[in-house]
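Undergrad: Input work-v7.cif, format and content: mmCIF, C-alpha atoms and all ligand atoms.
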data_my_file
loop_
_atom_site.label_atom_id
_atom_site.label_comp_id
_atom_site.auth_asym_id
_atom_site.auth_seq_id
_atom_site.Cartn_x
_atom_site.Cartn_y
_atom_site.Cartn_z
CA MET D 53 -15.86 -4.21 6.87
CA SER D 54 -19.35 -3.91 5.54
CA SER D 55 -20.28 -0.71 3.80
CA ASP D 56 -22.08 0.41 7.03
CA SER D 57 -18.76 0.68 8.79
CA ILE D 58 -17.61 3.31 6.30
CA GLY D 59 -17.72 6.55 8.23
CA GLN D 60 -16.58 4.90 11.46
CA LYS D 61 -13.14 5.56 12.82
CA THR D 62 -10.51 3.47 11.07
CA ASP D 63 -7.38 2.44 12.96
CA VAL D 64 -4.56 2.93 10.50
CA VAL D 65 -0.93 1.98 11.03
CA VAL D 66 1.50 3.64 8.61
CA VAL D 67 4.85 1.87 8.39
CA GLY D 68 7.63 4.24 7.41
CA PRO D 69 7.41 8.06 7.64
CA GLY D 70 8.91 8.78 4.21
CA ALA D 71 7.29 11.15 1.74
CA ILE D 72 4.30 9.00 0.82
CA GLY D 73 3.91 7.63 4.39
CA CYS D 74 3.74 11.16 5.82
CA LEU D 75 1.38 12.29 3.07
CA PHE D 76 -1.13 9.48 3.67
CA ALA D 77 -0.73 9.66 7.49
CA SER D 78 -1.55 13.36 7.47
CA MET D 79 -4.36 13.16 4.91
CA LEU D 80 -6.06 10.23 6.68
CA GLY D 81 -5.31 11.72 10.12
CA ARG D 82 -7.11 14.99 9.33
CA GLY D 83 -10.36 13.04 9.29
CA GLU D 84 -11.87 10.70 11.84
CA ASN D 85 -9.18 8.04 11.54
CA SER D 86 -6.70 7.14 14.23
CA ILE D 87 -3.13 7.08 12.91
CA THR D 88 -0.13 5.29 14.36
CA ILE D 89 3.18 5.61 12.53
CA LEU D 90 5.69 2.81 12.97
CA ASP D 91 9.24 4.08 12.59
CA ARG D 92 12.42 2.06 12.98
CA CYS D 93 14.46 5.17 13.77
CA PRO D 94 13.98 6.03 17.49
CA GLU D 95 15.11 9.69 17.30
CA ARG D 96 12.84 10.45 14.35
CA ALA D 97 9.95 8.55 16.02
CA ALA D 98 10.32 10.70 19.16
CA TYR D 99 10.50 13.88 17.04
CA ILE D 100 7.36 13.09 15.03
CA GLU D 101 5.47 11.97 18.16
CA ARG D 102 6.28 15.37 19.74
CA ASN D 103 5.67 17.53 16.67
CA GLY D 104 3.10 15.65 14.59
CA VAL D 105 3.20 15.52 10.79
CA THR D 106 3.27 18.80 8.88
CA LEU D 107 1.51 18.72 5.52
CA GLU D 108 2.03 21.53 3.01
CA TRP D 109 -0.71 21.71 0.45
CA GLY D 110 -0.61 24.74 -1.86
CA ASN D 111 -0.62 27.76 0.44
CA GLU D 112 -2.00 25.80 3.38
CA THR D 113 -0.05 24.13 6.15
CA HIS D 114 -1.72 21.46 8.30
CA LEU D 115 -0.27 20.10 11.50
CA VAL D 116 -1.64 16.62 12.15
CA PRO D 117 -1.03 14.91 15.51
CA VAL D 118 -0.18 11.22 15.24
CA SER D 119 1.01 8.46 17.57
CA VAL D 120 4.42 7.08 16.72
CA LEU D 121 5.83 3.75 17.82
CA PHE D 122 9.45 2.80 17.52
CA HIS D 123 8.71 -0.80 18.41
CA PRO D 124 5.30 -2.47 18.75
CA HIS D 125 4.87 -3.68 22.33
CA ALA D 126 2.84 -6.36 24.09
CA ASP D 127 -0.44 -4.39 24.13
CA THR D 128 -0.14 -3.05 20.62
CA PRO D 129 -3.69 -2.57 19.29
CA GLN D 130 -4.74 -4.53 16.23
CA ALA D 131 -5.14 -2.32 13.19
CA ASP D 132 -7.97 -2.16 10.66
CA VAL D 133 -5.44 -1.37 7.97
CA ILE D 134 -1.67 -1.32 7.81
CA LEU D 135 -0.15 0.82 5.07
CA VAL D 136 3.34 -0.40 4.24
CA CYS D 137 5.17 2.70 2.96
CA VAL D 138 8.80 1.61 3.15
CA LYS D 139 11.21 1.24 0.23
CA SER D 140 10.68 -1.99 -1.69
CA TYR D 141 14.04 -3.41 -0.49
CA ASP D 142 12.93 -2.93 3.17
CA THR D 143 9.63 -4.75 2.69
CA GLU D 144 10.52 -8.01 4.46
CA GLU D 145 11.86 -6.19 7.51
CA ALA D 146 8.72 -4.00 7.60
CA ALA D 147 6.50 -7.09 7.26
CA LYS D 148 8.16 -8.64 10.32
CA SER D 149 7.64 -5.44 12.31
CA ILE D 150 3.90 -5.35 11.66
CA LEU D 151 3.13 -8.87 12.90
CA PRO D 152 1.87 -7.63 16.33
CA PHE D 153 -0.64 -5.28 14.64
CA ILE D 154 -2.22 -8.00 12.53
CA GLY D 155 -5.57 -9.26 13.82
CA PRO D 156 -7.92 -11.73 12.15
CA HIS D 157 -9.47 -8.99 10.00
CA THR D 158 -6.58 -6.60 9.40
CA LEU D 159 -5.98 -5.47 5.82
CA ILE D 160 -2.34 -5.04 4.89
CA ALA D 161 -1.77 -2.66 2.00
CA SER D 162 1.48 -2.03 0.15
CA LEU D 163 1.75 1.67 -0.71
CA GLN D 164 5.03 1.21 -2.52
CA ASN D 165 6.68 1.50 -5.88
CA GLY D 166 7.70 -1.55 -7.85
CA ILE D 167 6.70 -5.10 -8.64
CA GLY D 168 6.66 -8.01 -6.13
CA ASN D 169 5.89 -6.14 -2.89
CA ILE D 170 2.67 -8.04 -2.13
CA GLU D 171 4.56 -11.32 -2.51
CA ARG D 172 7.34 -10.04 -0.22
CA ILE D 173 4.77 -9.09 2.45
CA THR D 174 2.76 -12.31 2.26
CA GLY D 175 6.01 -14.30 2.28
CA VAL D 176 6.59 -13.01 5.82
CA THR D 177 3.08 -12.59 7.22
CA GLY D 178 1.56 -15.65 5.59
CA HIS D 179 -1.67 -13.66 5.12
CA ASP D 180 -3.35 -13.39 1.76
CA ARG D 181 -5.26 -10.29 2.93
CA THR D 182 -2.80 -8.00 1.21
CA ALA D 183 -3.77 -5.19 -1.12
CA ALA D 184 -1.80 -2.63 -3.10
CA VAL D 185 -2.41 1.11 -3.10
CA LEU D 186 -0.94 2.52 -6.29
CA THR D 187 -0.67 6.26 -6.32
CA SER D 188 0.66 8.79 -8.80
CA ILE D 189 0.41 11.64 -6.31
CA GLY D 190 3.61 13.64 -5.97
CA ALA D 191 4.95 13.80 -2.40
CA THR D 192 8.20 15.56 -1.49
CA LEU D 193 9.71 15.04 1.95
CA LEU D 194 11.00 18.38 3.28
CA GLY D 195 12.29 17.09 6.63
CA ASP D 196 11.38 14.60 9.35
CA GLY D 197 7.58 14.37 9.45
CA HIS D 198 7.29 17.27 6.98
CA VAL D 199 5.83 16.63 3.55
CA ARG D 200 4.68 18.69 0.59
CA TYR D 201 1.80 17.56 -1.60
CA ALA D 202 3.38 18.02 -5.02
CA GLY D 203 0.67 17.23 -7.50
CA SER D 204 -2.42 15.16 -8.00
CA GLY D 205 -2.76 11.82 -9.72
CA PRO D 206 -4.94 8.75 -9.61
CA THR D 207 -4.76 6.36 -6.65
CA ILE D 208 -5.91 2.81 -7.34
CA ILE D 209 -6.56 0.18 -4.69
CA THR D 210 -6.44 -3.44 -5.75
CA GLY D 211 -6.59 -6.80 -3.96
CA GLY D 212 -7.44 -7.45 -0.30
CA SER D 213 -10.53 -9.33 0.73
CA CYS D 214 -11.99 -11.07 3.82
CA CYS D 215 -10.91 -8.17 6.03
CA LYS D 216 -12.80 -5.85 8.36
CA LEU D 217 -11.79 -3.25 5.79
CA PRO D 218 -11.65 -4.86 2.34
CA GLY D 219 -9.79 -3.15 -0.47
CA GLU D 220 -12.94 -1.54 -1.91
CA CYS D 221 -13.72 0.07 1.44
CA LEU D 222 -10.15 1.26 1.84
CA ALA D 223 -10.63 3.06 -1.48
CA GLU D 224 -13.62 4.88 0.08
CA VAL D 225 -11.71 5.75 3.28
CA ILE D 226 -8.88 7.21 1.18
CA GLN D 227 -11.33 9.03 -1.08
CA ARG D 228 -12.99 10.65 1.94
CA SER D 229 -9.62 11.95 3.13
CA GLY D 230 -9.42 14.12 -0.01
CA ILE D 231 -7.35 11.81 -2.21
CA SER D 232 -9.10 10.77 -5.39
CA ALA D 233 -9.12 6.94 -5.22
CA GLY D 234 -10.77 4.04 -7.02
CA TRP D 235 -10.83 0.27 -6.96
CA HIS D 236 -9.52 -2.15 -9.57
CA ASP D 237 -10.02 -5.90 -9.50
CA ASN D 238 -6.86 -6.98 -11.34
CA PRO D 239 -3.82 -6.52 -9.04
CA LYS D 240 -1.26 -7.57 -11.65
CA ALA D 241 -2.54 -5.11 -14.26
CA ALA D 242 -2.77 -2.28 -11.73
CA ILE D 243 0.69 -2.91 -10.24
CA TRP D 244 2.33 -3.12 -13.67
CA SER D 245 0.51 0.00 -14.85
CA LYS D 246 2.12 1.99 -12.05
CA ALA D 247 5.54 0.32 -12.46
CA VAL D 248 5.67 1.12 -16.19
CA VAL D 249 5.03 4.81 -15.42
CA ASN D 250 7.69 4.77 -12.69
CA ALA D 251 10.18 3.09 -15.04
CA ALA D 252 9.58 5.83 -17.60
CA ILE D 253 9.89 8.77 -15.18
CA ASN D 254 11.99 7.97 -12.12
CA PRO D 255 15.34 6.89 -13.64
CA ILE D 256 15.35 9.88 -16.01
CA THR D 257 14.70 12.36 -13.19
CA ALA D 258 17.37 10.66 -11.07
CA VAL D 259 20.05 10.59 -13.75
CA SER D 260 19.40 14.08 -15.11
CA ASN D 261 18.63 15.66 -11.70
CA VAL D 262 15.38 17.34 -12.71
CA PRO D 263 11.84 17.65 -11.29
CA ASN D 264 9.14 15.63 -13.05
CA GLY D 265 7.98 18.60 -15.15
CA GLU D 266 11.30 18.91 -16.98
CA VAL D 267 10.95 15.39 -18.31
CA VAL D 268 8.11 16.67 -20.50
CA SER D 269 9.36 20.18 -21.12
CA ARG D 270 12.79 19.12 -22.45
CA PRO D 271 12.33 17.40 -25.84
CA GLU D 272 15.31 15.03 -25.45
CA LEU D 273 14.04 13.82 -22.05
CA ARG D 274 10.46 13.58 -23.31
CA ASP D 275 11.60 11.35 -26.19
CA LEU D 276 13.64 9.20 -23.85
CA MET D 277 10.68 8.86 -21.49
CA ALA D 278 8.43 7.86 -24.40
CA SER D 279 10.94 5.19 -25.52
CA ALA D 280 11.29 3.78 -21.97
CA ALA D 281 7.49 3.73 -21.57
CA GLN D 282 6.91 2.05 -24.95
CA GLU D 283 9.49 -0.64 -24.24
CA ALA D 284 8.01 -1.36 -20.81
CA GLN D 285 4.49 -1.49 -22.26
CA ALA D 286 5.67 -4.02 -24.87
CA VAL D 287 7.09 -6.17 -22.06
CA ALA D 288 3.80 -6.02 -20.14
CA GLU D 289 1.86 -6.98 -23.27
CA ALA D 290 4.26 -9.84 -24.11
CA ASN D 291 3.61 -11.15 -20.60
CA GLY D 292 -0.16 -11.04 -21.13
CA ILE D 293 -0.69 -8.02 -18.85
CA ALA D 294 -3.26 -5.52 -20.13
CA LEU D 295 -2.28 -2.12 -18.72
CA LEU D 296 -5.01 0.19 -17.45
CA TYR D 297 -4.25 2.72 -20.22
CA ASP D 298 -3.64 2.43 -23.97
CA ASP D 299 -0.56 4.58 -24.32
CA ALA D 300 2.14 4.30 -21.63
CA ALA D 301 4.13 7.23 -23.04
CA GLU D 302 1.12 9.52 -22.84
CA GLU D 303 0.25 8.23 -19.35
CA ALA D 304 3.78 8.94 -18.08
CA ALA D 305 3.72 12.40 -19.69
CA CYS D 306 0.41 13.11 -17.99
CA VAL D 307 1.83 12.10 -14.56
CA CYS D 308 4.83 14.40 -15.19
CA ARG D 309 2.55 17.31 -16.07
CA ASN D 310 0.36 16.75 -12.99
CA THR D 311 3.37 16.49 -10.66
CA HIS D 312 5.65 18.95 -12.48
CA THR D 313 7.19 20.44 -9.31
CA ASN D 314 7.74 17.08 -7.66
CA ILE D 315 11.15 15.59 -7.07
CA SER D 316 10.56 11.92 -7.91
CA SER D 317 11.15 9.39 -5.15
CA MET D 318 14.21 8.08 -7.02
CA LEU D 319 15.79 11.51 -7.26
CA GLN D 320 14.95 12.12 -3.57
CA ASP D 321 16.80 8.86 -2.83
CA ILE D 322 19.85 9.84 -4.89
CA ARG D 323 19.99 13.29 -3.31
CA SER D 324 19.71 11.73 0.17
CA ARG D 325 22.41 9.17 -0.69
CA ARG D 326 19.99 6.29 -0.21
CA ARG D 327 19.68 3.17 -2.26
CA THR D 328 17.01 3.59 -4.96
CA GLU D 329 14.13 1.30 -5.96
CA ILE D 330 15.58 0.69 -9.42
CA ASP D 331 15.68 -3.10 -8.84
CA ALA D 332 11.97 -3.33 -7.98
CA ILE D 333 10.96 -1.04 -10.86
CA THR D 334 13.21 -1.25 -13.94
CA GLY D 335 15.01 -4.39 -12.70
CA GLU D 336 11.72 -6.35 -12.61
CA ILE D 337 10.79 -5.10 -16.07
CA LEU D 338 14.20 -6.14 -17.43
CA MET D 339 13.73 -9.64 -16.01
CA ALA D 340 10.28 -9.94 -17.56
CA ALA D 341 11.70 -8.63 -20.86
CA ARG D 342 14.42 -11.26 -20.83
CA SER D 343 11.99 -14.09 -20.24
CA ALA D 344 9.73 -12.84 -23.05
CA GLY D 345 12.64 -12.16 -25.43
CA ILE D 346 11.79 -8.46 -25.81
CA PRO D 347 14.67 -5.98 -26.45
CA VAL D 348 14.65 -3.08 -23.96
CA PRO D 349 17.86 -1.09 -24.61
CA VAL D 350 16.57 2.20 -23.22
CA ASN D 351 15.49 0.64 -19.93
CA GLU D 352 18.74 -1.32 -19.71
CA SER D 353 20.75 1.84 -20.19
CA LEU D 354 18.72 3.77 -17.59
CA PHE D 355 19.11 0.85 -15.15
CA GLU D 356 22.90 0.93 -15.58
CA GLN D 357 23.07 4.70 -15.21
CA VAL D 358 21.07 4.67 -11.96
CA LYS D 359 23.20 1.80 -10.63
CA ALA D 360 26.35 3.77 -11.48
CA LEU D 361 24.94 6.79 -9.65
CA GLU D 362 24.08 4.68 -6.58
CA GLY D 363 27.64 3.38 -6.56
CA ARG D 364 29.25 6.81 -6.72
CA GLU D 365 30.81 8.02 -3.50
CA ASP D 366 29.26 11.47 -3.62
CA HIS D 367 25.92 10.08 -4.91
CA SER D 368 25.20 13.39 -6.60
CA PRO D 369 23.19 13.16 -9.80
CA THR D 370 24.82 14.01 -13.09
CA SER D 371 23.10 16.33 -15.49
CA ASN D 372 23.61 14.33 -18.66
CA VAL D 373 21.34 11.43 -19.24
CA GLN D 374 22.77 9.08 -21.84
CA ARG D 375 20.85 7.32 -24.53
CA PRO D 376 21.83 3.74 -25.25
CA THR D 377 24.20 3.50 -28.16
CA SER D 378 22.41 0.79 -30.13
CA ASN D 379 18.95 -0.43 -31.13
CA VAL D 380 17.20 2.86 -30.52
O1 LIG L 1 7.98 7.60 -7.36
C1 LIG L 1 7.46 8.72 -7.53
O2 LIG L 1 8.02 9.78 -7.33
C2 LIG L 1 6.00 8.74 -7.93
O3 LIG L 1 5.55 7.43 -8.00
C3 LIG L 1 5.68 9.47 -9.22
C4 LIG L 1 4.32 9.08 -9.69
C5 LIG L 1 6.67 9.19 -10.30
C6 LIG L 1 5.54 10.95 -8.99
O4 LIG L 1 6.72 11.61 -8.75
#
Is it possible to give me this structure as structure tokens?
Ligand code: PAF

TA:
Amino acid sequence: MSSDSIGQKTDVVVVGPGAIGCLFASMLGRGENSITILDRCPERAAYIERNGVTLEWGNETHLVPVSVLFHPHADTPQADVILVCVKSYDTEEAAKSILPFIGPHTLIASLQNGIGNIERITGVTGHDRTAAVLTSIGATLLGDGHVRYAGSGPTIITGGSCCKLPGECLAEVIQRSGISAGWHDNPKAAIWSKAVVNAAINPITAVSNVPNGEVVSRPELRDLMASAAQEAQAVAEANGIALLYDDAAEEAACVCRNTHTNISSMLQDIRSRRRTEIDAITGEILMAARSAGIPVPVNESLFEQVKALEGREDHSPTSNVQRPTSNV
């Protein structure tokens, strides 16, 4: 899309009505954009089609009508942009489901946590027109199609070219919907910058069952978060990745302060007895640490604790986060 097409209606397909999918669908849908949600659950798809998406923002409640498809059909319209908002482990399945929406100029954008999602999408679609939208906004899902905006944070768009709506223009479309968004030209640096923050916050909130704000207000959790962030930053640096900030511990603390009431996506997963994204976040960092020979005991311990929690029958979080016993 040339810059003249900014301001025209953008056809957006949002894959997956989870917290962040509903947040972006409702924010973008309040403007001039046309929103179609793709949902693999037929009952929920019918419910959201009937009731729209409800967005709670401070004291305001917005009801945003959207179209919802359970399955794309023969005359599925081609989208300007497809926002992939599913869990990282569902990416391949989501990528298959979007094939009918992809036209010659469609931009596909991963709005997901973790490392490797762009590769998972392009592995299925074969298109290199894939961007990443990396957001630190807090979004808490309150029910089907019902989301609460739970704190501001930067949103960075990276990658995506040769589309009707290139990544830079997507940044402007998102910005106009009321979400502060910018463009960055180094996908690897931007994706790692978000993953390092997630690795520092999400496992701690999941294991200790606390909203983001408590990770900075409780000294023992704040120290643990700082150690996890510093280890992950060292791994990024050892792999030649220059993060978009100087101090990962301070960056993670800042995200926690801005989203203090938010229940992190990993804790939402644990509470809903879903698999978490620990493999795509901390798991990827552990693999990169191993190949660079960097010790990461805090991240290893958090990884194990989240895995143990996922494996528990009742899936309920514990309240005692454990520090690793050595090298810290
Ligand atoms: O995964 C999440 O919950 C979010 O990415 C973040 C930034 C940690 C805010 O809660």

Undergrad: Looking at only C-alpha atoms and all ligand atoms, which of D:Gly73, D:Gly81, D:Gly168, D:Pro263 is the one that sits closest to ligand LIG 1 (chain L)?

TA: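 Closest to ligand LIG 1 (chain L) of all the choices is D:Pro263.
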
Undergrad: Residues at most 10 Å from Ala146 in chain D, counting only C-alpha atoms, excluding those fewer than 6 positions away in the same chain, as a compact mmCIF listing (two decimals) with C-alpha atoms, in the coordinates of the input?

TA:
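part-v2.txt was written with the following content:
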# COMPACT_ATOMS: atom_id res chain seq x y z
CA VAL D 67 4.85 1.87 8.39
CA GLY D 68 7.63 4.24 7.41
CA LEU D 90 5.69 2.81 12.97
CA ASP D 91 9.24 4.08 12.59
CA ARG D 92 12.42 2.06 12.98
CA VAL D 136 3.34 -0.40 4.24
CA CYS D 137 5.17 2.70 2.96
CA VAL D 138 8.80 1.61 3.15
CA LYS D 139 11.21 1.24 0.23
CA SER D 140 10.68 -1.99 -1.69
CA ARG D 172 7.34 -10.04 -0.22
CA ILE D 173 4.77 -9.09 2.45
CA VAL D 176 6.59 -13.01 5.82

Undergrad: Return as an NGL selection string every polymer residue, whether protein, DNA or RNA, with at least one atom no more than 9 Å from an atom of ligand LIG 1 (chain L); count only C-alpha atoms and all ligand atoms.

TA: :D and (72 or 164-165 or 186-192 or 202-203 or 205 or 246-247 or 249-254 or 263-264 or 304 or 307-308 or 310-320 or 329)

Undergrad: Go ahead and save the residues from that selection, with C-alpha atoms, as an mmCIF file, in the frame of the given file.

TA:
data_model
loop_
_atom_site.group_PDB
_atom_site.id
_atom_site.type_symbol
_atom_site.label_atom_id
_atom_site.label_comp_id
_atom_site.auth_asym_id
_atom_site.auth_seq_id
_atom_site.Cartn_x
_atom_site.Cartn_y
_atom_site.Cartn_z
ATOM 1 C CA ILE D 72 4.300 9.000 0.820
ATOM 2 C CA GLN D 164 5.030 1.210 -2.520
ATOM 3 C CA ASN D 165 6.680 1.500 -5.880
ATOM 4 C CA LEU D 186 -0.940 2.520 -6.290
ATOM 5 C CA THR D 187 -0.670 6.260 -6.320
ATOM 6 C CA SER D 188 0.660 8.790 -8.800
ATOM 7 C CA ILE D 189 0.410 11.640 -6.310
ATOM 8 C CA GLY D 190 3.610 13.640 -5.970
ATOM 9 C CA ALA D 191 4.950 13.800 -2.400
ATOM 10 C CA THR D 192 8.200 15.560 -1.490
ATOM 11 C CA ALA D 202 3.380 18.020 -5.020
ATOM 12 C CA GLY D 203 0.670 17.230 -7.500
ATOM 13 C CA GLY D 205 -2.760 11.820 -9.720
ATOM 14 C CA LYS D 246 2.120 1.990 -12.050
ATOM 15 C CA ALA D 247 5.540 0.320 -12.460
ATOM 16 C CA VAL D 249 5.030 4.810 -15.420
ATOM 17 C CA ASN D 250 7.690 4.770 -12.690
ATOM 18 C CA ALA D 251 10.180 3.090 -15.040
ATOM 19 C CA ALA D 252 9.580 5.830 -17.600
ATOM 20 C CA ILE D 253 9.890 8.770 -15.180
ATOM 21 C CA ASN D 254 11.990 7.970 -12.120
ATOM 22 C CA PRO D 263 11.840 17.650 -11.290
ATOM 23 C CA ASN D 264 9.140 15.630 -13.050
ATOM 24 C CA ALA D 304 3.780 8.940 -18.080
ATOM 25 C CA VAL D 307 1.830 12.100 -14.560
ATOM 26 C CA CYS D 308 4.830 14.400 -15.190
ATOM 27 C CA ASN D 310 0.360 16.750 -12.990
ATOM 28 C CA THR D 311 3.370 16.490 -10.660
ATOM 29 C CA HIS D 312 5.650 18.950 -12.480
ATOM 30 C CA THR D 313 7.190 20.440 -9.310
ATOM 31 C CA ASN D 314 7.740 17.080 -7.660
ATOM 32 C CA ILE D 315 11.150 15.590 -7.070
ATOM 33 C CA SER D 316 10.560 11.920 -7.910
ATOM 34 C CA SER D 317 11.150 9.390 -5.150
ATOM 35 C CA MET D 318 14.210 8.080 -7.020
ATOM 36 C CA LEU D 319 15.790 11.510 -7.260
ATOM 37 C CA GLN D 320 14.950 12.120 -3.570
ATOM 38 C CA GLU D 329 14.130 1.300 -5.960
#

Undergrad: Please compute the CA of Cys221 in chain D-CA of Gly178 in chain D distance, one decimal, in Å.

TA: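 Taking CA of Cys221 in chain D and CA of Gly178 in chain D, their separation equals 22.3 Å.
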
Undergrad: Can you tell me, as an MDAnalysis selection string, what residues are no more than 12 Å from Leu121 in chain D when counting all atoms listed in the file, ignoring any on the same chain fewer than 2 positions away?

TA: chainID D and resid 65:69 87:102 118:119 123:125 128:129 149:150 153

Undergrad: What is the CA of Gly363 in chain D to CA of Val287 in chain D distance in Å?

TA: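 Distance reported for this atom pair: 27.5 Å.
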
Undergrad: Nearest to Glu336 in chain D among D:Val248, D:Val199, D:Leu276, D:Val262, with distances taken over only C-alpha atoms: which residue is it?

TA: D:Val248

Undergrad: So how far away is CA of Ile134 in chain D from CA of Pro156 in chain D, in Å?

TA: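 Computing the Euclidean distance for CA of Pro156 in chain D and CA of Ile134 in chain D yields 12.9 Å.
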
Undergrad: Which residue out of D:Gly230, D:Gly166, D:Gly155, D:Pro347 has the minimum interatomic distance to Leu80 in chain D when only C-alpha atoms are used?

TA: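 Selected residue with least distance to Leu80 in chain D: D:Gly230.
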
Undergrad: Taking only C-alpha atoms into account, name the residue in D:Asn169, D:Ile208, D:Pro152, D:Gly234 that is nearest to Asp127 in chain D.

TA: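 Distance minimum relative to Asp127 in chain D lands on D:Pro152.
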
Undergrad: Select, from D:Asp299, D:Leu361, D:Arg228, D:Leu222, the residue with the minimum atom-to-atom distance to Asn261 in chain D, counting only C-alpha atoms.

TA: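 The closest residue to Asn261 in chain D is D:Leu361.
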
Undergrad: Counting all atoms listed in the file, what is within 10 Å of Gly195 in chain D, bar same-chain residues fewer than 2 positions away, as a list of chain:residue names?

TA: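 In the requested form, the answer reads D:Gly70, D:Ala71, D:Thr106, D:Thr192, D:Leu193, D:Gly197, D:His198, D:Val199, D:Arg200.
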
Undergrad: Considering only C-alpha atoms, state which residue in the set D:Thr158, D:Thr177, D:Ser324, D:Asn238 is at the smallest distance from Leu194 in chain D.

TA: D:Ser324

Undergrad: For Gly292 in chain D, work out the shell of residues within 12 Å, counting all atoms listed in the file and skipping chain neighbours fewer than 3 positions away, then give it as a PDB file with C-alpha atoms, keeping the file's coordinate frame.

TA:
ATOM      1  CA  LYS D 240      -1.260  -7.570 -11.650  1.00  0.00           C
ATOM      2  CA  ALA D 241      -2.540  -5.110 -14.260  1.00  0.00           C
ATOM      3  CA  TRP D 244       2.330  -3.120 -13.670  1.00  0.00           C
ATOM      4  CA  GLN D 285       4.490  -1.490 -22.260  1.00  0.00           C
ATOM      5  CA  ALA D 286       5.670  -4.020 -24.870  1.00  0.00           C
ATOM      6  CA  VAL D 287       7.090  -6.170 -22.060  1.00  0.00           C
ATOM      7  CA  ALA D 288       3.800  -6.020 -20.140  1.00  0.00           C
ATOM      8  CA  GLU D 289       1.860  -6.980 -23.270  1.00  0.00           C
ATOM      9  CA  LEU D 295      -2.280  -2.120 -18.720  1.00  0.00           C
ATOM     10  CA  ALA D 340      10.280  -9.940 -17.560  1.00  0.00           C
ATOM     11  CA  ALA D 344       9.730 -12.840 -23.050  1.00  0.00           C
TER      12      ALA D 344
END
